[in-house]
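Each remark here refers to the structure printed beneath this line.
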Amino acid sequence: MHKKLLKFFLFLGLHLSVIQTFGQSANLNGKITDQKGSPLIGATIRFENAAGGAISDVDGKFSLKVRPGSYKLLVTYLGFENYTQTIAIEDNETKNLNIVIQPKESTIKEVVAVGYGTSIKQDITGSVASVKGKEIAELPTQSFETALQGKAAGVQVVSGSGIAGSPSIVRVRGVASISAGGDPLYIVDGVAINQDYFSRGNAGAMNQNPLATINPMDIETVDILKDAAATAIYGARGANGVIIITTKKAKKPGWNFEFNTRVGTSKPTVLPQMLNNQEFLQLYQEAWENDGNVGRAQLPYNVSWEDAEKTNTDWVNNTVHIGLKHMQSFSAGYKDTTHKWGAYLNLTNDDNGSYLIDNKYVRRSVRLNADWEPIKDLKIDLNSSFVNGNNHRISNGWNGGLGAALSTALPIYPITNRDGSWSNQYGGFGNNPVAMRDLLRWNTLEERSINSLNLNYKISDRLNISAFYGFDYSNLKDDQLVTGTLLNNTDPENGISNRNQSVQNTQTSNLRLNYKLLDLKSHKLDVMAGIERVYNKSTSQFFEIDSANKQFRENPEYLDQERIRKGSEFVNYWAINSAFTRLNYTLNEKYLADLTIRSDGSSRFGPNNRYGFFPALGGGWLISKEDFMNVLPMVNLLKLKSGLGLTGNMPPSENWRQIWIGGNNDIRYNGQPTVYPTNHENPNLKWETSTIFDLTLEAGLYKNRITFELAYYYKLTNDVLVNLATPSSTGFGQHWVNTGSFSNSGVEFSFVTKNIVKKDFTWETQFNIARNYNKVRDLGIYLADAVGGGTNDTRVIVGQPLGTNYLVKYHGVDPNSGRPIYLDKDGNQTNEWKNDNRVAVGSVLPKAIGGLSNNIRYKRFYLTTNFIYQLGGNIYNSSGKRQNGVVTDWNMTTDYFDRWQQPGDDAKYPQLSNQTNNFGLPPDPFQYNTTLFLESATYLRLRSVQLSYSLPEDWVKWARRIEVGVSAFNYLTFSRFTNGDPELARDFENIQDRNMSSNIFYLTPPQEKSLLFNLNITF
Amino acid sequence: MNKYSFYIPILTFLIFFTSCEKSLEFPLAGDQIDKEIALNTPENLIGLLNSTYDVFANTMNGSVQNLNELLSDNLSTPPTDAGSLYFTIYNRGTFSFRTAGGVLTDLYRIIYRSNLLIENVDRFESLDKTRMIAEAKFLRGWAHWEIAKLWAQPYGYTPDNSHLGIAIKNSSSYSVELRAKLSEVYTFILKDISEASNELPDQNGFYADKMAANALLAKIYFQMNDYVNAYKFADVIISSQKYQLSQDYQRFIGDQGSETIFKTVSTSLPDNRGILFGANYRSDNNPNPQLKPSKELVLLFDENDQRSSWVEIVNKDMPTEFYVSHKFDKDFFSVPLLHYSDMLLIRAECAMRNGGGSISGAADDLNEILERAYGNPDNNVSSTTITLAKIREERRKEMCFEGDRVSDLKRRGAGGENIVIRNAPWNCPGMVLQYPATENTIGFEFNQEGGCN
């Protein structure tokens, strides 16, 4: 039926607008729209009792000349219910019809990406969640993954901090790794992209965001593969889930244009209250006197009391402002009416100013997606993007900026001296973030191009062959100009310019066969098989030049000058060779079975374990198709599915390899060459293996007015990759091993209800909640301190969740002495902090996460609200222990007023002191953590609220649709965390830190809240 | 067309898998080489031995010596920066993080490279296998000894030395070792150094030779309060007449000629193997060095003693009075680790403790040191005026800031004397360094927490 319709459509589509029929004397005009009022192009209009017909044009309109009489009109459109109407028309009469047709609810077949192909959602046995591009483009996020938060059950997205361009943390069904990546695998149009968060380490207290160079406006859909039945096709890279991004293509025949723009502001969601000069002097003096000193306290860097009392610098206000954002996106699509070719072009400029002064991320992107059928049965698809991301950087967190304002920049230090020069006599420019911002000029530029070409040839009705080539190129240049002033040179122009450049090139090529082995009425068996090679080359190099007054990007001639210093070029390669197959069997369209097998050989696996094997089996039962379900007519879909399989996770590099430094190196002893190894080898090093079981019930009630999904999963990860902090006796500090195991299990529940479906009023609610239990089951011979994260505050401990906080319990303040009381292992009170009294408390991972969104349409108004929430889990306020602990040269928060002052005081904090031993702490106090700074991470946040209005079409003739709107982002948060934003993604030192210590707060800039105005025009 | 197309993927499969293994192997770039290439030429093995000396020199560049000195009574409190490692060690508190773990790893890296060399040196006939193994054992044994001195209670802490020693490593394989008894550790060290003494050549340039191994044996036996053996080996050195005291008392920054038995070599300013002495003590270019002498030590030097120039009182008689050292005031210098003056002092003390020789011999040995220090024999001792206390005072002055003092105090404590160091007994928990928390594997015992307070 569809095929016939398509042929009919193709034939008639050549003449889109009007078809004349026979000797006429009356006019029948009409417009065909969907329930939302959008015109439907290419709908077929014909008469059941007469010849003749038409195809609706780009505005959904048609026009027919007919003889007078009575006609049975039939309107058909793919995916919509057939529409019939009887019309009587008289001679010379002109009839205008407005026809609204309804989509086929029960037969809507949602298509999802499944890895190396797509599938009808109803037919798959794996667990896949989908998010539409529209939902992503609507949110004013800097990077698309942020918009996934709260949209899919079991997918935790913690947005990056308020720094422009900072990365989010994405976790699918918990964390399954210690030292290997915990992030899902990202596939863009078939290309597994580079995912290096640490190409610039932790410079400026920010990691790189490899996803920032994907333009959210380009995204058609995002499919999230969660269980083994879905991810095993990605073998050794599938264990953390797979996120498949499909970009937009030209769909509708003819030209289609779209213009989007938004403009708005950025402000911090919350800022801690720091002390002003008087308050600081008061508390500092109090500590001085408590320590037995007399007279006025000796202030940090010998600031005189006279100056200190006169100087009151509000450093926070000097590092933040109201940031501005604006985005313009234009796209053009053209689909040839014969469907032989189509092209989609998008140009976007997205200028994302953060609330941090002089900090913004500007992304300019171009995309061209094209499809072409040059000869019969051969289809060529091209997806190509080029993005230029320019991050205007400033120091942050531990590195300065707002971080300095919250720590070592004291209110008693001035910004400038009396002569107008920058003040740097109080601990250097590091304690003057305003000067630092001016004197360190910093940009990180990334040029990124993700491309793919797919050739598909239909050999026969049953057999298809596809050849695919993709490449992902990125060139990151991190340019800094350290001005002469910052170097304390007399000539401010006499600075040092440096560049850290890293180039990544990943190529993916594969060949796939799709074969319908059985295509009978009751049995269907599809086979897909393929081979693939992924090859990556990455290089990095450092350049530096003296006597410079410009950045390298501003003066590329520096690169040719003789006086330039070049570091060694580091070159790294890795590759994966794979073979894979997937069998899908369907019996009577009710019983489903999938078998997936992948074998991966990787240069990242040690020579003794070079190949991994990853099978998975999935089964499904469409209960609603059984006859006995007729007794429950309200159930239109009931499906039970289950999967069991193995997936893997690769070491992040060729960590098995022992690398030696040969005799040509610069290190000499006694003038003679040296040759030496830099690590221990581990030829047995291999992938982590996750065994994943999944059981899911899907249901649709009352013609899908209510749909819900309930899932249970259990994931056991063995041979966990750990970059151990090894015992010193091994001669090295770190060593890669596969040791131990841990489990993630959980329950996910989500529902969508269409509460009201009326012509002028619709209301839809989406809700999801996911509970994850994470437990370390074994760690071999290694104990708690073998794997550390954060500032020494998280650990991996058998029996506890991954990345638990490992702290001494803080009981309170001794009301008589004002000293802190800790608890020993047995719960006895003690005044001394001891290593042995550390216990596992608090969890990096929340107990439950989820989201609630409501979409309401009333006539031409649309209102969308998105709530996100996190229940349980903890935040460790690692900067709090410096702000409100031993009194040092850090500023304190006003929370510290609640301190013990005299016997009998019931206070939160102990007596002020700058003596470590008064806190019962060892000499190096900041390595020692207590539960005083462990806080609840539970929060509920109104992530976004959007109100838009679609202008009546007759207002502007040239446009098909104009929508204006306003959105507020992060404007409402309920949380008990006092010192910052509870939605926490700080900067990390390495992958392990990112897995284990996502709950450590250390001068982390809070998220931004923004208010934006949007305009969307399609024409 | 269709028929043939079907074979394309099959053919590709075949080509793909036959070339699979090679396509997963990549070369290393730049200075980096693979293990098999590294161990494939005799030159590279010579380079490996040289790199072992390189790490040794970088570990004994003041790094190890300063940690020792901080535990002694020769220094005043280092700057009280809350995060300072020196401050932490000086205060003998409980600590497990931000420890001297880097130094510990470096010392074990010397051992790792020595083991690698011992295991691979017989790949090539052309190499002087005997000498190279002996050198590796010399470095391996010495590194174990330095670890034992800092991370374990000393020899004699328990009567049979069954107390916790350190992890012994005699293989390059990756394995996590538990701490052996201290008696086992000393047995291992003595075996390595004795074998080195037997096999090392008489002359070996700047590298370890027979006399270096003998001098080291003298020091180890002395640390064990084994006066007979200590005397014997010190006597071998002194009697060999290969060495004599230099005219110049400035053993580090002055003439290093005749007195040095073994040193690590600095060839230029960027190649300064005494860098952590200079960086921490130097006061000619730094008004406020990290490490400063204690008042008690400074007052030991009388003004006629030329060595009094090693210390200076700043802001004398003012409330802000403090002390600095000038012993290392030079841009770069080689580090004499085994030297003749130490042998004289060992032999003198051993003679006093019936280890051999005579009291008058002891007086002669001590007088060599005194005459050089004072530039005349006016302060010499005789067989009737010499005392153990005098020898020890000279040892303390002569070898101040070289990391010797705390070992000497512990040795005497273990020998039964009542030794108190800055108000704490010589054998309290804080007198040994705590292991870094990362040593924490099943069965590994840490040093006792609680410092010395």
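Chain labels run A, B, ... following the order of the structure tokens; each chain numbers its residues from 1, and ligands are numbered from 1 in the order shown.
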Next item on the list: Find the residues near stretch 910-916 of chain A: any atom within 10 Å, counting only C-alpha atoms, skip ones fewer than 2 places away on the same chain, and give them as a PyMOL selection string.
Entry: (chain A and resi 283-292+812-815+817-821+884-889+896-902+905-908+918-926) or (chain B and resi 80+82)
Next item on the list: Tell me the residues of chain B close to chain A, meaning within 7 Å using only C-alpha atoms, as a PyMOL selection string.
Entry: chain B and resi 2+20+24-26+29+31-35+38+44+47-48+50-51+54+82-84+88+93-95+97+104-106+108-109+112+167+174-176+265+267+437-442
Check: Which residues, written as a ChimeraX atom specification, have at least one atom at most 12 Å from B:Thr59, with only C-alpha atoms counted and residues fewer than 3 positions away on the same chain left out?
Finding: /B:52-56,62-67,100,102-110,139,142-143,146-147,264,273-277,335,337
Note to self: Give me, as number ranges by chain, all polymer residues having an atom no more than 12 Å from stretch 119-126 of chain B, counting only C-alpha atoms and skipping those fewer than 2 positions away in the same chain.
What the structure shows: B: 35-36, 38-49, 112-117, 128-137, 170-173
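For stretch 802-935 of chain A, backbone-based DSSP assignment of helix (DSSP H, G or I) covers Asn835, Asp836, Asn837, Gly880, Lys881, Arg882, Gln883, Thr894, Asp895, Tyr896, Phe897, Thr916, Asn917, Asn918, Phe919, Pro925, Phe926, Gln927, Thr931, Leu932 and Phe933 of chain A.
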Neighbours of stretch 446-451 of chain A within 8 Å (only C-alpha atoms; same-chain residues fewer than 5 positions away dropped), as a CSV table (one decimal) with C-alpha atoms, in the first residue's frame?
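The resulting file, selection-v3.csv, is reproduced below:
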chain,number,residue,atom,x,y,z
A,188,VAL,CA,27.7,11.5,15.3
A,191,VAL,CA,31.4,8.5,13.4
A,193,ILE,CA,34.0,11.1,17.8
A,213,THR,CA,31.9,21.7,18.9
A,382,LEU,CA,27.2,12.9,3.1
A,383,ASN,CA,27.3,14.6,6.5
A,384,SER,CA,29.8,17.3,7.0
A,385,SER,CA,30.4,20.0,9.6
A,386,PHE,CA,33.0,22.5,10.3
A,387,VAL,CA,33.0,24.3,13.6
A,388,ASN,CA,35.2,27.0,15.0
A,389,GLY,CA,35.0,27.3,18.8
A,390,ASN,CA,36.8,30.2,20.3
A,470,GLY,CA,34.1,9.0,8.6
A,471,PHE,CA,36.6,11.3,9.9
A,472,ASP,CA,36.8,13.5,12.9
A,473,TYR,CA,39.5,16.2,12.9
A,474,SER,CA,40.2,18.6,15.6
A,475,ASN,CA,42.9,21.1,16.0
A,476,LEU,CA,43.1,22.7,19.4
A,477,LYS,CA,45.3,25.7,20.0
Next item on the list: Might you pull out every residue within 9 Å of B:Trp145, with only C-alpha atoms counted and same-chain residues fewer than 2 positions away left off, and present them as a PyMOL selection string?
Entry: chain B and resi 140-143+147-150+185-186+189+220
Checklist line | Distance of atom CA of A:Asn608 from atom CA of A:Gly238, expressed in Å to one decimal place | finding: 21.8 Å
